[in-house]
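Trainee: Before anything else, here's the structure in question.
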Amino acid sequence: MPDRDTNRAAFPITRMRRMRRDAFSRRMMRETTLTPDDLIYPVFVLEGSGQRESVASMPGVERLSIDLLVEDAIEVQRLGIPAMALFPVTPPEVKSLDAREAFNPDGLAQRAVRALKAAVPDLGIITDVALDPFTTHGQDGLIDETGYVTNDETVEVLVRQAVSHAEAGADIVAPSDMMDGRIGAIRTALEAEGHIHTRILAYSAKYASAYYGPFRDAVGSAGNLGSGNKYNYQMDPANSDEALHEVALDLAEGADMVMIKPGMPYLDIVRRIKDQFGAPTFVYHVSGEYAMLKAASMNGWLDERAVVLEAMVSMKRAGADGILTYYAKDVARWLAKA
């Protein structure tokens, strides 16, 4: 790409405000455009029928039983949002040390996938591949006698979980666990089982962030985790170069897309990854980010529509090809009225 000429004529020959004067000229020079195609809607599914539970720390977000989730999915498709990301709320009685419910072919996530693909076959369904909703301790993997999360043993379970999701009809499996080598193991297993079209969205740069609290409330893992943390497998928020290394490994192992999580505090990471690799790059506008904007808006301190759209545009401007956000339906409606 040739260097751009930055030697513009001085004021008043050049008046930068000329192009900002009217809405039409601002639109003509707009560099970043946000559409519903950029959105992915994360949802929480629970057992039962006709069940609806509010998430106290995420006003406006609900856990839904499969029948109500299907109704929600129909609306999501009508709004032009291309995909939903599914997170199960596992009943306490089926949680275990070995997380065996994660790969139960009749588990909640697997049944939800089948119901969604039957009702809205053209809507992309993304499933979370991680063990924290299924373990009694709330960690993303199996633990040894010291409480340390083991890597290779965890990967074996993650592979079984991912294959079970693909067999149920998931379009995309999204390993969010941050175990080493899991992308290559999952890709090999999917190929061996004939799931050659199942895509992998790798949470490649998932940071050990304090912004995840409301999500853990929503899926019911907060109580299990207690005072524990995930520092020995999620990334240090102080690191940037490490993210490039993680992404390079995941792409080499067969990831189709990569994820940076959280969103706005890590937009420098999004830009570095997009510039370095050019691969499909996604960002997660996480529960804590949602909760902050929602709470400030509910108190009248911020204009909700304005700040949310600004947040979405900032992520797109940083290089994100897609944004997972609990605001997806609201954003799609706002864009339709723009």
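To be explicit about the labels: the chains of the structure tokens are called A, B, and onward in the order shown, and within each one the residues are counted from 1, while ligands get numbers from 1 in the order they are shown.
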So that each row is one residue of region 274-328 of chain A with an atom at most 10 Å from region 204-216 of chain A, can you give its shortest atom pair and the distance in Å to one decimal, using only C-alpha atoms, rows by chain and rising number, as CSV?

Mentor:
```
residue,atom,partner,partner_atom,distance
A:Val283,CA,A:Ala205,CA,9.6
A:Tyr284,CA,A:Lys206,CA,9.5
A:His285,CA,A:Tyr211,CA,9.8
A:Val286,CA,A:Tyr212,CA,6.7
A:Ser287,CA,A:Phe215,CA,5.4
A:Gly288,CA,A:Tyr211,CA,4.4
A:Glu289,CA,A:Tyr211,CA,6.7
A:Tyr290,CA,A:Pro214,CA,9.2
A:Ala291,CA,A:Pro214,CA,7.6
A:Met292,CA,A:Tyr211,CA,9.6
```

Trainee: Write out as JSON lines a residue-level contact list of region 31-130 of chain A versus region 316-332 of chain A with cut-off 10 Å: for each qualifying residue the closest pair of atoms and the distance in Å to one decimal, counting only C-alpha atoms, rows sorted by chain and residue number upward.

Mentor:
```
{"residue": "A:Glu31", "atom": "CA", "partner": "A:Arg317", "partner_atom": "CA", "distance": 8.2}
{"residue": "A:Thr32", "atom": "CA", "partner": "A:Arg317", "partner_atom": "CA", "distance": 5.9}
{"residue": "A:Thr33", "atom": "CA", "partner": "A:Lys316", "partner_atom": "CA", "distance": 7.9}
{"residue": "A:Leu34", "atom": "CA", "partner": "A:Lys316", "partner_atom": "CA", "distance": 7.2}
{"residue": "A:Thr35", "atom": "CA", "partner": "A:Ala332", "partner_atom": "CA", "distance": 7.4}
{"residue": "A:Pro36", "atom": "CA", "partner": "A:Ala332", "partner_atom": "CA", "distance": 5.3}
{"residue": "A:Asp37", "atom": "CA", "partner": "A:Gly322", "partner_atom": "CA", "distance": 7.8}
{"residue": "A:Asp38", "atom": "CA", "partner": "A:Gly322", "partner_atom": "CA", "distance": 4.6}
{"residue": "A:Leu39", "atom": "CA", "partner": "A:Ile323", "partner_atom": "CA", "distance": 5.0}
{"residue": "A:Ile40", "atom": "CA", "partner": "A:Leu324", "partner_atom": "CA", "distance": 4.6}
{"residue": "A:Tyr41", "atom": "CA", "partner": "A:Ala328", "partner_atom": "CA", "distance": 5.4}
{"residue": "A:Pro42", "atom": "CA", "partner": "A:Tyr326", "partner_atom": "CA", "distance": 6.0}
{"residue": "A:Val43", "atom": "CA", "partner": "A:Tyr326", "partner_atom": "CA", "distance": 7.9}
{"residue": "A:Met58", "atom": "CA", "partner": "A:Tyr326", "partner_atom": "CA", "distance": 9.1}
{"residue": "A:Gly60", "atom": "CA", "partner": "A:Tyr326", "partner_atom": "CA", "distance": 9.0}
{"residue": "A:Val61", "atom": "CA", "partner": "A:Tyr326", "partner_atom": "CA", "distance": 7.4}
{"residue": "A:Asp72", "atom": "CA", "partner": "A:Lys329", "partner_atom": "CA", "distance": 9.9}
{"residue": "A:Glu75", "atom": "CA", "partner": "A:Lys329", "partner_atom": "CA", "distance": 8.6}
{"residue": "A:Val76", "atom": "CA", "partner": "A:Lys329", "partner_atom": "CA", "distance": 6.7}
{"residue": "A:Gln77", "atom": "CA", "partner": "A:Lys329", "partner_atom": "CA", "distance": 9.9}
{"residue": "A:Arg78", "atom": "CA", "partner": "A:Ala332", "partner_atom": "CA", "distance": 9.9}
{"residue": "A:Leu79", "atom": "CA", "partner": "A:Ala332", "partner_atom": "CA", "distance": 6.1}
{"residue": "A:Gly80", "atom": "CA", "partner": "A:Ala332", "partner_atom": "CA", "distance": 7.4}
{"residue": "A:Ile81", "atom": "CA", "partner": "A:Ala332", "partner_atom": "CA", "distance": 7.3}
{"residue": "A:Ala83", "atom": "CA", "partner": "A:Leu324", "partner_atom": "CA", "distance": 9.4}
{"residue": "A:Met84", "atom": "CA", "partner": "A:Leu324", "partner_atom": "CA", "distance": 8.7}
{"residue": "A:Ala85", "atom": "CA", "partner": "A:Leu324", "partner_atom": "CA", "distance": 8.0}
```

Trainee: At a cut-off of 7 Å, using only C-alpha atoms, what residues contact Ala170 (chain A)? Leave out same-chain residues fewer than 5 positions from it and give the result as a list in words.

Mentor: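 Within the cut-off, the hits are Val113, Ile125, Ile126, Thr127 and His165 of chain A.
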
Trainee: Those same residues, written as a PDB file, in the first residue's frame with C-alpha atoms?

Mentor:
```
ATOM      1  CA  VAL A 113     -28.619 -27.441  19.873  1.00  0.00           C
ATOM      2  CA  ILE A 125     -25.314 -22.079  16.620  1.00  0.00           C
ATOM      3  CA  ILE A 126     -22.083 -21.719  18.583  1.00  0.00           C
ATOM      4  CA  THR A 127     -21.418 -23.912  21.612  1.00  0.00           C
ATOM      5  CA  HIS A 165     -21.775 -30.826  20.209  1.00  0.00           C
TER       6      HIS A 165
END
```

Trainee: Excluding Ala119 (chain A) and its own-chain neighbours fewer than 6 positions away, which residues fall within 10 Å of it when counting only C-alpha atoms? Please give them as a list of chain:residue names.

Mentor: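 Everything that qualifies: A:Val70, A:Glu71, A:Ala73, A:Ile74, A:Val113.
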
Trainee: Give me a file of those residues, with all heavy atoms, as a PDB file, in the first residue's frame.

Mentor:
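File selection-v5.pdb, as written:
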```
ATOM      1  N   VAL A  70     -36.000 -21.278  21.936  1.00  0.00           N
ATOM      2  CA  VAL A  70     -36.344 -21.407  20.513  1.00  0.00           C
ATOM      3  C   VAL A  70     -37.116 -20.175  20.044  1.00  0.00           C
ATOM      4  O   VAL A  70     -36.854 -19.633  18.957  1.00  0.00           O
ATOM      5  CB  VAL A  70     -37.146 -22.697  20.271  1.00  0.00           C
ATOM      6  CG1 VAL A  70     -37.790 -22.681  18.891  1.00  0.00           C
ATOM      7  CG2 VAL A  70     -36.249 -23.916  20.422  1.00  0.00           C
ATOM      8  N   GLU A  71     -38.051 -19.702  20.858  1.00  0.00           N
ATOM      9  CA  GLU A  71     -38.789 -18.489  20.511  1.00  0.00           C
ATOM     10  C   GLU A  71     -37.839 -17.299  20.390  1.00  0.00           C
ATOM     11  O   GLU A  71     -37.976 -16.460  19.484  1.00  0.00           O
ATOM     12  CB  GLU A  71     -39.861 -18.202  21.564  1.00  0.00           C
ATOM     13  CG  GLU A  71     -40.965 -19.248  21.648  1.00  0.00           C
ATOM     14  CD  GLU A  71     -41.967 -18.949  22.747  1.00  0.00           C
ATOM     15  OE1 GLU A  71     -41.882 -17.851  23.352  1.00  0.00           O
ATOM     16  OE2 GLU A  71     -42.825 -19.801  23.018  1.00  0.00           O
ATOM     17  N   ALA A  73     -34.698 -17.448  19.621  1.00  0.00           N
ATOM     18  CA  ALA A  73     -33.872 -17.645  18.430  1.00  0.00           C
ATOM     19  C   ALA A  73     -34.601 -17.193  17.162  1.00  0.00           C
ATOM     20  O   ALA A  73     -33.980 -16.651  16.243  1.00  0.00           O
ATOM     21  CB  ALA A  73     -33.471 -19.107  18.313  1.00  0.00           C
ATOM     22  N   ILE A  74     -35.888 -17.416  17.120  1.00  0.00           N
ATOM     23  CA  ILE A  74     -36.674 -16.971  15.961  1.00  0.00           C
ATOM     24  C   ILE A  74     -36.610 -15.453  15.840  1.00  0.00           C
ATOM     25  O   ILE A  74     -36.456 -14.898  14.742  1.00  0.00           O
ATOM     26  CB  ILE A  74     -38.129 -17.470  16.081  1.00  0.00           C
ATOM     27  CG1 ILE A  74     -38.168 -18.994  15.950  1.00  0.00           C
ATOM     28  CG2 ILE A  74     -39.018 -16.812  15.035  1.00  0.00           C
ATOM     29  CD1 ILE A  74     -39.516 -19.612  16.292  1.00  0.00           C
ATOM     30  N   VAL A 113     -29.115 -27.552  21.245  1.00  0.00           N
ATOM     31  CA  VAL A 113     -28.619 -27.441  19.873  1.00  0.00           C
ATOM     32  C   VAL A 113     -29.583 -28.112  18.907  1.00  0.00           C
ATOM     33  O   VAL A 113     -29.952 -27.537  17.865  1.00  0.00           O
ATOM     34  CB  VAL A 113     -27.211 -28.052  19.741  1.00  0.00           C
ATOM     35  CG1 VAL A 113     -26.809 -28.171  18.264  1.00  0.00           C
ATOM     36  CG2 VAL A 113     -26.187 -27.219  20.493  1.00  0.00           C
TER      37      VAL A 113
END
```

Trainee: Write out as a PyMOL selection string all residues of region 41-190 of chain A that backbone DSSP assigns to helix (DSSP H, G or I).

Mentor: chain A and resi 66-78+92-94+100-103+108-119+152-168+182-190

Trainee: List every residue of region 20-75 of chain A that DSSP, applied to the backbone of this structure, assigns to strand (DSSP E or B), and report them as a ChimeraX atom specification.

Mentor: /A:39-46,52-54,62-65

Trainee: Select, from A:Lys261, A:His245, A:Lys294, A:Arg199, the residue with the minimum atom-to-atom distance to Gln276 (chain A), counting only C-alpha atoms.

Mentor: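 Once distances to Gln276 (chain A) are computed over only C-alpha atoms, the minimum belongs to A:His245.
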
Trainee: Between A:Leu68, A:Val149, A:Val155, A:Ala166, which is the closest to Gln110 (chain A) once you count only C-alpha atoms?

Mentor: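 Closest residue, counting only C-alpha atoms: A:Ala166.
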
Trainee: For CA of Ile183 (chain A) and CA of Phe103 (chain A), determine how far apart the two atoms are, in Å to one decimal place.

Mentor: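 Calculated distance between CA of Ile183 (chain A) and CA of Phe103 (chain A) is 16.8 Å.
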
Trainee: Tell me, in Å to one decimal, how far CA of Ser54 (chain A) is from CA of Gly107 (chain A).

Mentor: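 We find that CA of Ser54 (chain A) and CA of Gly107 (chain A) lie 22.3 Å from each other.
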
Trainee: For Pro121 (chain A), which residue out of A:Asp106, A:Glu62, A:Asp140, A:Asp171 is the nearest one, using only C-alpha atoms?

Mentor: A:Asp171

Trainee: Calculated over only C-alpha atoms, which of the candidates A:Leu64, A:Ala243, A:Ala252, A:Ala130 has the smallest distance to Arg187 (chain A)?

Mentor: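 Using only C-alpha atoms, the shortest distance to Arg187 (chain A) belongs to A:Ala252.
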
Trainee: Would you pick out the contacts of Ile186 (chain A) at 7 Å or less, using only C-alpha atoms, so that residues sharing its chain but fewer than 4 positions from it are not included, and give the list as a list of chain:residue names?

Mentor: A:Val159, A:Ala162, A:Arg182, A:Leu190

Trainee: Restricting the calculation to only C-alpha atoms: of A:Asp180, A:Ser25, A:Ser57, A:Leu69, which residue gets closest to Ala112 (chain A)?

Mentor: A:Leu69

Trainee: Counting only C-alpha atoms, figure out which residue out of A:Glu101, A:Ile260, A:Phe44, A:Leu293 gets nearest to Val307 (chain A).

Mentor: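 Closest residue, counting only C-alpha atoms: A:Leu293.
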